[in-house]
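This is query_4.cif. It holds mmCIF, C-alpha atoms.
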```
data_protein
loop_
_atom_site.label_atom_id
_atom_site.label_comp_id
_atom_site.auth_asym_id
_atom_site.auth_seq_id
_atom_site.Cartn_x
_atom_site.Cartn_y
_atom_site.Cartn_z
CA MET A 13 8.71 9.26 -2.22
CA GLN A 14 6.98 10.33 0.99
CA GLY A 15 10.04 9.99 3.22
CA ILE A 16 12.44 11.90 0.95
CA LYS A 17 13.16 15.28 2.51
CA VAL A 18 14.27 17.09 -0.66
CA PHE A 19 11.16 17.99 -2.66
CA ILE A 20 10.96 16.10 -5.95
CA PRO A 21 9.69 18.48 -8.65
CA THR A 22 6.17 17.82 -9.88
CA GLU A 23 7.38 17.38 -13.46
CA ALA A 24 9.81 14.64 -12.31
CA LYS A 25 6.98 12.81 -10.53
CA VAL A 26 4.81 13.10 -13.63
CA GLU A 27 7.58 11.75 -15.87
CA TYR A 28 8.17 8.81 -13.53
CA ILE A 29 4.48 7.90 -13.15
CA ASN A 30 3.97 8.19 -16.91
CA ALA A 31 6.76 5.62 -17.31
CA LEU A 32 5.01 3.32 -14.81
CA LEU A 33 1.70 3.73 -16.63
CA LYS A 34 3.21 2.07 -19.71
CA VAL A 35 4.42 -1.08 -17.90
CA GLY A 36 1.11 -2.89 -17.46
CA PHE A 37 0.69 -2.84 -13.68
CA ASP A 38 -2.80 -3.52 -12.37
CA THR A 39 -2.73 -0.51 -10.03
CA ILE A 40 -0.29 2.33 -9.37
CA ASP A 41 -0.16 4.35 -6.16
CA VAL A 42 0.33 7.90 -7.44
CA GLY A 43 0.22 10.07 -4.30
CA SER A 44 -1.52 11.05 -1.09
CA PHE A 45 -4.16 13.54 -0.03
CA VAL A 46 -2.68 14.12 3.42
CA SER A 47 -1.46 17.11 5.38
CA ALA A 48 1.34 18.94 3.55
CA ARG A 49 2.65 19.93 6.97
CA TYR A 50 3.38 16.31 7.87
CA VAL A 51 4.14 14.89 4.41
CA PRO A 52 5.31 17.84 2.29
CA GLN A 53 6.51 15.56 -0.50
CA MET A 54 2.90 14.74 -1.36
CA ALA A 55 1.63 18.33 -1.44
CA ASP A 56 1.42 18.30 -5.25
CA THR A 57 -0.62 15.10 -5.68
CA ALA A 58 -3.54 17.02 -7.27
CA ASP A 59 -1.16 18.62 -9.79
CA VAL A 60 0.37 15.21 -10.57
CA LEU A 61 -3.08 13.71 -11.19
CA ARG A 62 -3.97 16.50 -13.58
CA GLN A 63 -0.80 16.04 -15.64
CA ILE A 64 -0.20 12.30 -15.94
CA HIS A 65 -1.33 10.41 -19.06
CA TRP A 66 -3.75 8.18 -17.16
CA SER A 67 -6.34 7.82 -19.92
CA GLU A 68 -3.77 6.15 -22.18
CA SER A 69 -3.09 3.33 -19.71
CA SER A 70 -4.98 0.26 -18.53
CA SER A 71 -3.58 0.69 -15.02
CA LYS A 72 -5.87 1.83 -12.24
CA LEU A 73 -4.74 4.58 -9.87
CA SER A 74 -4.79 4.71 -6.09
CA VAL A 75 -4.08 7.43 -3.54
CA ILE A 76 -3.62 7.38 0.22
CA VAL A 77 -5.88 9.42 2.48
CA ALA A 78 -5.59 9.91 6.23
CA ASN A 79 -8.97 11.41 7.05
CA VAL A 80 -12.40 12.28 5.69
CA ARG A 81 -11.24 15.60 4.26
CA GLY A 82 -8.58 13.83 2.20
CA ALA A 83 -11.13 11.28 0.99
CA ILE A 84 -13.53 13.98 -0.16
CA GLU A 85 -10.74 15.77 -2.02
CA ALA A 86 -9.46 12.56 -3.66
CA CYS A 87 -12.95 11.67 -4.87
CA GLN A 88 -13.04 14.83 -6.97
CA TYR A 89 -10.64 13.21 -9.45
CA PRO A 90 -12.02 10.73 -12.01
CA GLN A 91 -8.46 9.44 -12.43
CA VAL A 92 -8.58 7.83 -8.98
CA THR A 93 -9.94 4.28 -8.74
CA TYR A 94 -8.96 3.43 -5.15
CA LEU A 95 -8.66 5.26 -1.86
CA GLY A 96 -6.24 3.70 0.61
CA TYR A 97 -6.34 4.23 4.37
CA PRO A 98 -3.68 3.09 6.88
CA PHE A 99 -5.36 1.44 9.88
CA SER A 100 -2.85 0.23 12.43
CA ILE A 101 -3.35 -2.54 14.95
CA SER A 102 -0.70 -0.75 17.03
CA GLU A 103 -2.24 2.12 18.99
CA THR A 104 1.11 3.89 19.16
CA PHE A 105 1.61 3.78 15.41
CA GLN A 106 -1.96 4.87 14.67
CA LEU A 107 -1.39 7.94 16.82
CA ARG A 108 1.94 8.66 15.14
CA ASN A 109 0.69 8.05 11.62
CA THR A 110 -2.76 9.72 11.61
CA ASN A 111 -2.93 11.41 15.03
CA SER A 112 -5.85 9.17 15.87
CA THR A 113 -6.72 6.39 18.31
CA MET A 114 -7.68 3.02 16.85
CA GLU A 115 -11.32 3.48 17.86
CA LYS A 116 -11.44 6.87 16.18
CA ALA A 117 -9.63 5.44 13.14
CA LEU A 118 -12.29 2.73 12.87
CA LYS A 119 -14.95 5.46 12.63
CA THR A 120 -12.83 7.08 9.92
CA VAL A 121 -12.81 3.77 8.03
CA ALA A 122 -16.62 3.74 8.15
CA SER A 123 -16.83 7.32 6.89
CA ILE A 124 -14.31 6.87 4.07
CA ARG A 125 -16.00 3.64 2.99
CA GLU A 126 -19.32 5.48 2.71
CA ILE A 127 -17.74 8.35 0.76
CA ALA A 128 -15.88 5.99 -1.57
CA SER A 129 -19.01 3.93 -2.21
CA ARG A 130 -21.10 7.01 -2.95
CA LYS A 131 -18.48 8.32 -5.39
CA GLY A 132 -17.87 4.98 -7.10
CA LYS A 133 -14.35 4.48 -5.73
CA GLY A 134 -12.77 1.31 -4.40
CA PHE A 135 -11.43 1.31 -0.85
CA VAL A 136 -8.30 -0.44 0.44
CA VAL A 137 -7.48 -0.62 4.14
CA TYR A 138 -3.80 -1.14 4.89
CA LEU A 139 -3.55 -3.08 8.14
CA SER A 140 -0.36 -1.44 9.41
CA MET A 141 1.90 -3.25 11.88
CA ALA A 142 -0.01 -6.43 11.02
CA PHE A 143 3.02 -8.62 11.76
CA GLY A 144 4.35 -6.87 14.86
CA ASN A 145 5.42 -3.45 16.10
CA PRO A 146 8.51 -1.94 17.78
CA TYR A 147 6.59 -0.20 20.56
CA GLY A 148 5.67 -3.10 22.81
CA ASP A 149 1.97 -2.76 21.95
CA PRO A 150 -0.01 -6.02 22.23
CA TRP A 151 0.09 -8.03 19.01
CA SER A 152 -1.15 -11.46 17.90
CA LEU A 153 -3.11 -13.13 15.14
CA GLU A 154 -6.17 -12.90 17.40
CA ILE A 155 -5.75 -9.13 17.78
CA ALA A 156 -5.35 -8.74 14.03
CA GLU A 157 -8.46 -10.87 13.46
CA LYS A 158 -10.48 -8.73 15.90
CA TRP A 159 -9.73 -5.61 13.92
CA VAL A 160 -10.27 -7.26 10.54
CA ALA A 161 -13.70 -8.34 11.79
CA GLU A 162 -14.42 -4.77 12.89
CA ILE A 163 -13.39 -3.45 9.46
CA ASP A 164 -15.39 -6.16 7.72
CA GLN A 165 -18.66 -4.80 9.13
CA PHE A 166 -18.26 -1.85 6.73
CA GLN A 167 -18.01 -4.18 3.72
CA VAL A 168 -14.43 -3.24 2.88
CA GLN A 169 -13.45 -5.35 -0.12
CA TYR A 170 -9.66 -5.02 0.06
CA ILE A 171 -7.38 -5.32 3.08
CA SER A 172 -3.61 -5.25 2.66
CA LEU A 173 -1.65 -6.91 5.48
CA SER A 174 1.30 -4.58 5.97
CA ASP A 175 4.70 -5.60 7.32
CA THR A 176 5.43 -1.98 8.20
CA ILE A 177 8.86 -2.51 9.77
CA GLY A 178 9.95 -5.66 7.95
CA VAL A 179 9.70 -8.11 10.86
CA ALA A 180 7.31 -10.70 9.38
CA ARG A 181 8.64 -14.27 9.43
CA PRO A 182 7.54 -16.73 6.72
CA ASP A 183 5.73 -18.97 9.23
CA VAL A 184 3.74 -16.00 10.58
CA ILE A 185 2.92 -14.80 7.05
CA GLU A 186 1.73 -18.31 6.21
CA ASP A 187 -0.46 -18.48 9.32
CA PHE A 188 -1.99 -15.06 8.72
CA PHE A 189 -2.88 -15.51 5.05
CA LYS A 190 -4.07 -19.09 5.53
CA HIS A 191 -6.30 -18.00 8.40
CA PHE A 192 -7.69 -14.77 6.95
CA THR A 193 -8.39 -16.05 3.43
CA HIS A 194 -10.47 -18.86 4.96
CA ARG A 195 -12.09 -16.79 7.73
CA PHE A 196 -13.01 -13.89 5.42
CA PRO A 197 -13.26 -15.37 1.89
CA HIS A 198 -15.22 -12.34 0.62
CA ILE A 199 -12.26 -10.00 1.31
CA GLU A 200 -9.30 -9.80 -1.09
CA PHE A 201 -6.22 -9.78 1.13
CA GLY A 202 -3.05 -8.21 -0.20
CA ALA A 203 0.56 -8.12 0.97
CA HIS A 204 2.45 -4.90 1.60
CA PHE A 205 5.90 -6.12 2.62
CA HIS A 206 8.99 -4.24 3.68
CA THR A 207 12.07 -6.39 3.42
CA THR A 208 15.82 -6.80 3.42
CA PRO A 209 17.53 -7.86 0.16
CA ASP A 210 17.99 -11.43 1.41
CA SER A 211 14.50 -12.11 2.81
CA TRP A 212 12.10 -10.92 0.11
CA ARG A 213 11.56 -14.28 -1.60
CA GLU A 214 10.56 -16.21 1.50
CA LYS A 215 7.96 -13.56 2.34
CA VAL A 216 6.42 -13.54 -1.13
CA ASP A 217 6.46 -17.34 -1.26
CA ALA A 218 4.69 -17.70 2.09
CA ALA A 219 1.95 -15.25 1.09
CA TYR A 220 1.48 -16.53 -2.47
CA HIS A 221 1.14 -20.19 -1.48
CA ASN A 222 -1.45 -19.29 1.14
CA GLY A 223 -3.93 -17.40 -0.97
CA CYS A 224 -2.47 -13.95 -1.59
CA LYS A 225 -2.77 -12.65 -5.16
CA ARG A 226 -2.37 -8.91 -4.52
CA PHE A 227 1.19 -7.69 -3.90
CA ASP A 228 2.56 -4.17 -3.48
CA GLY A 229 6.00 -3.27 -4.75
CA ALA A 230 8.26 -0.29 -5.40
CA ILE A 231 10.94 -0.05 -8.09
CA LYS A 232 14.28 -1.13 -6.59
CA GLY A 233 12.63 -1.23 -3.17
CA TYR A 234 12.83 2.53 -2.83
CA GLY A 235 11.06 4.15 0.08
CA GLY A 236 9.50 2.94 3.29
CA CYS A 237 7.31 4.39 6.01
CA PRO A 238 8.80 7.54 7.56
CA MET A 239 6.39 7.41 10.52
CA ALA A 240 7.57 4.04 11.82
CA LYS A 241 11.14 4.70 12.93
CA ASP A 242 14.26 6.33 11.57
CA GLU A 243 15.97 3.34 9.97
CA LEU A 244 13.76 1.07 7.85
CA VAL A 245 14.31 -1.80 5.53
CA GLY A 246 13.08 -1.02 2.02
CA ASN A 247 9.85 -1.67 0.22
CA MET A 248 9.39 -4.91 -1.70
CA PRO A 249 11.27 -4.47 -5.02
CA THR A 250 8.81 -4.59 -7.91
CA GLU A 251 11.33 -6.24 -10.24
CA ASN A 252 11.76 -9.08 -7.71
CA LEU A 253 8.01 -9.67 -7.70
CA VAL A 254 7.96 -9.81 -11.51
CA THR A 255 10.80 -12.36 -11.50
CA TYR A 256 9.09 -14.47 -8.85
CA PHE A 257 5.75 -14.66 -10.68
CA GLU A 258 7.49 -15.55 -13.92
CA GLU A 259 9.22 -18.41 -12.10
CA VAL A 260 5.93 -19.78 -10.75
CA GLN A 261 4.35 -19.25 -14.20
CA GLU A 262 1.82 -16.69 -13.00
CA SER A 263 0.84 -14.24 -15.72
CA THR A 264 1.52 -10.59 -14.82
CA GLY A 265 0.84 -8.69 -18.05
CA ILE A 266 4.08 -6.78 -17.49
CA ASN A 267 5.92 -5.32 -20.49
CA LYS A 268 9.56 -6.08 -19.63
CA GLU A 269 11.02 -3.41 -21.91
CA ARG A 270 8.75 -0.76 -20.43
CA LEU A 271 9.71 -1.99 -16.96
CA LYS A 272 13.39 -1.41 -17.79
CA GLU A 273 12.54 2.13 -18.89
CA ALA A 274 10.65 2.71 -15.62
CA ILE A 275 13.63 1.48 -13.61
CA LEU A 276 15.86 3.96 -15.47
CA ALA A 277 13.33 6.70 -14.73
CA ALA A 278 13.39 5.76 -11.05
CA SER A 279 17.17 6.11 -10.96
CA ARG A 280 16.77 9.70 -12.17
CA VAL A 281 14.07 10.58 -9.64
CA PHE A 282 15.25 8.97 -6.41
CA PRO A 283 18.40 10.07 -4.58
CA ALA A 284 21.30 7.61 -4.79
#
```
What is this structure when it is put down as structure tokens?
Amino acid sequence: MQGIKVFIPTEAKVEYINALLKVGFDTIDVGSFVSARYVPQMADTADVLRQIHWSESSSKLSVIVANVRGAIEACQYPQVTYLGYPFSISETFQLRNTNSTMEKALKTVASIREIASRKGKGFVVYLSMAFGNPYGDPWSLEIAEKWVAEIDQFQVQYISLSDTIGVARPDVIEDFFKHFTHRFPHIEFGAHFHTTPDSWREKVDAAYHNGCKRFDGAIKGYGGCPMAKDELVGNMPTENLVTYFEEVQESTGINKERLKEAILAASRVFPA
């Protein structure tokens, strides 16, 4: 929702998330504690958290934070299981996304990790621009590994490799997951893919067969990252992920009827 300019009413967000809470997802990203000036769509995250029927669901909840202040605020809510922080291996994107250099962002990772640990919250670092960037900033597997190693010193349990602009090729995805799952076996690496309608399967396949068991999705592929550039491919469609894991006989715990209801709810919330 973050990139949609027209404000979605809080009650519509609550209705949609309540539908998602019935599906059986492991974790649902329900909002962000970030500056309302930069991401006005997420200004009501606290109100959403107070109103959703979270105690009736087995799903865990996550929120995005961009700084220490956001982490402290998010930790006030027992509903929240995970804090997520976007750490980019592109200096340009880190500055655009959180108004921070990479070195400063690394200090923020350390601070948020300490806050999350003290408050009993999990912490997920999204490694933005993991598979390349549009700015001409240096990028390689070795650069990505350097920053993962830096993050690892703070005992971060979850790192999601993020294809922020949808450029990841299957061979690169394979190399990254094969390398990182062996180099850092104590970290659970996830995949946050943006994709075109005709390339989603090859991306999921490359990650899954090389150790990835944590995948992010969005109903119908809605949304993207508004900080990256004006025209983006969509998020990974959740329903495609469900189909894929059924085909490879991987149990998901998804209630298909409830998923259909959530897809209908999404069509009412998101602009056509």
Residue nearest Phe192 in chain A - candidates A:Ala86, A:Ile171, A:Ile29, A:Ile177, atoms counted: all atoms listed in the file: A:Ile171
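Here the selection is built from all atoms listed in the file, and the residues within 12 Å of (-9.9, 15.5, 4.2) turn out to be Ser44, Phe45, Val46, Ser47, Ala48, Ile76, Val77, Ala78, Asn79, Val80, Arg81, Gly82, Ala83, Ile84, Glu85, Ala86, Cys87, Gln88, Leu95, Tyr97, Thr110, Thr120, Ser123, Ile124 and Ile127 of chain A.
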Hits of the PyMOL selection byres ((chain A and resi 231) around 6) in this structure, as a list in words: Ala230, Lys232, Gly233, Pro249 and Thr250 of chain A
d(CA of Gly36 in chain A, CA of Thr207 in chain A) in Å: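 One can read the CA of Gly36 in chain A to CA of Thr207 in chain A distance as 23.8 Å.
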Reference answer for the PyMOL selection byres ((chain A and resi 106) around 12), as an MDAnalysis selection string: chainID A and resid 78 97:105 107:118 138:141 145 147 149 176 239:240
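In this model, the gap between CA of Gly178 in chain A and CA of Val26 in chain A comes to 29.1 Å.
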Shell of 8 Å around Ile199 in chain A, all atoms listed in the file, local chain residues under 6 positions omitted, as a list of chain:residue names: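 My list of contacting residues is A:Val168, A:Gln169, A:Tyr170, A:Ile171, A:Thr193.
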Assuming the chain letters and numbering stay as they are in my file, what does the PyMOL selection byres ((chain A and resi 167) around 10) actually select? List them as a CSV table (one decimal) with C-alpha atoms, keeping the file's coordinate frame.
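So result-v6.csv came out as:
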```csv
chain,number,residue,atom,x,y,z
A,122,ALA,CA,-16.6,3.7,8.2
A,125,ARG,CA,-16.0,3.6,3.0
A,126,GLU,CA,-19.3,5.5,2.7
A,135,PHE,CA,-11.4,1.3,-0.8
A,162,GLU,CA,-14.4,-4.8,12.9
A,163,ILE,CA,-13.4,-3.4,9.5
A,164,ASP,CA,-15.4,-6.2,7.7
A,165,GLN,CA,-18.7,-4.8,9.1
A,166,PHE,CA,-18.3,-1.8,6.7
A,168,VAL,CA,-14.4,-3.2,2.9
A,169,GLN,CA,-13.4,-5.4,-0.1
A,170,TYR,CA,-9.7,-5.0,0.1
A,198,HIS,CA,-15.2,-12.3,0.6
A,199,ILE,CA,-12.3,-10.0,1.3
```
Using only C-alpha atoms: which of A:Leu33, A:Val42, A:Arg195, A:Asp217 has the shortest distance to Met13 in chain A: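 Using only C-alpha atoms, Met13 in chain A sits closest to A:Val42.
Distance-wise, CA of Pro283 in chain A and CA of Lys17 in chain A end up 10.2 Å apart.
Considering all atoms listed in the file, the residue among A:His206, A:Arg270, A:Arg213, A:Lys225 positioned nearest to Gly246 in chain A is A:His206.
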Near-Val18 in chain A list (12 Å; all atoms listed in the file; drop same-chain fewer than 6 positions) as a ChimeraX atom specification: /A:51-54,281-283
Which residues are close to Ala219 in chain A, i.e. within 8 Å by all atoms listed in the file, leaving aside same-chain residues fewer than 3 positions away? Reply as a PDB file with C-alpha atoms, in the coordinates of the input.
```
ATOM      1  CA  ILE A 185       2.920 -14.800   7.050  1.00  0.00           C
ATOM      2  CA  GLU A 186       1.730 -18.310   6.210  1.00  0.00           C
ATOM      3  CA  PHE A 189      -2.880 -15.510   5.050  1.00  0.00           C
ATOM      4  CA  ALA A 203       0.560  -8.120   0.970  1.00  0.00           C
ATOM      5  CA  LYS A 215       7.960 -13.560   2.340  1.00  0.00           C
ATOM      6  CA  VAL A 216       6.420 -13.540  -1.130  1.00  0.00           C
ATOM      7  CA  ASN A 222      -1.450 -19.290   1.140  1.00  0.00           C
ATOM      8  CA  GLY A 223      -3.930 -17.400  -0.970  1.00  0.00           C
ATOM      9  CA  CYS A 224      -2.470 -13.950  -1.590  1.00  0.00           C
TER      10      CYS A 224
END
```
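When all atoms listed in the file are used to measure the gap to Val60 in chain A, the shortest distance among A:Val35, A:Ile20, A:Met248, A:Ala278 belongs to A:Ile20.
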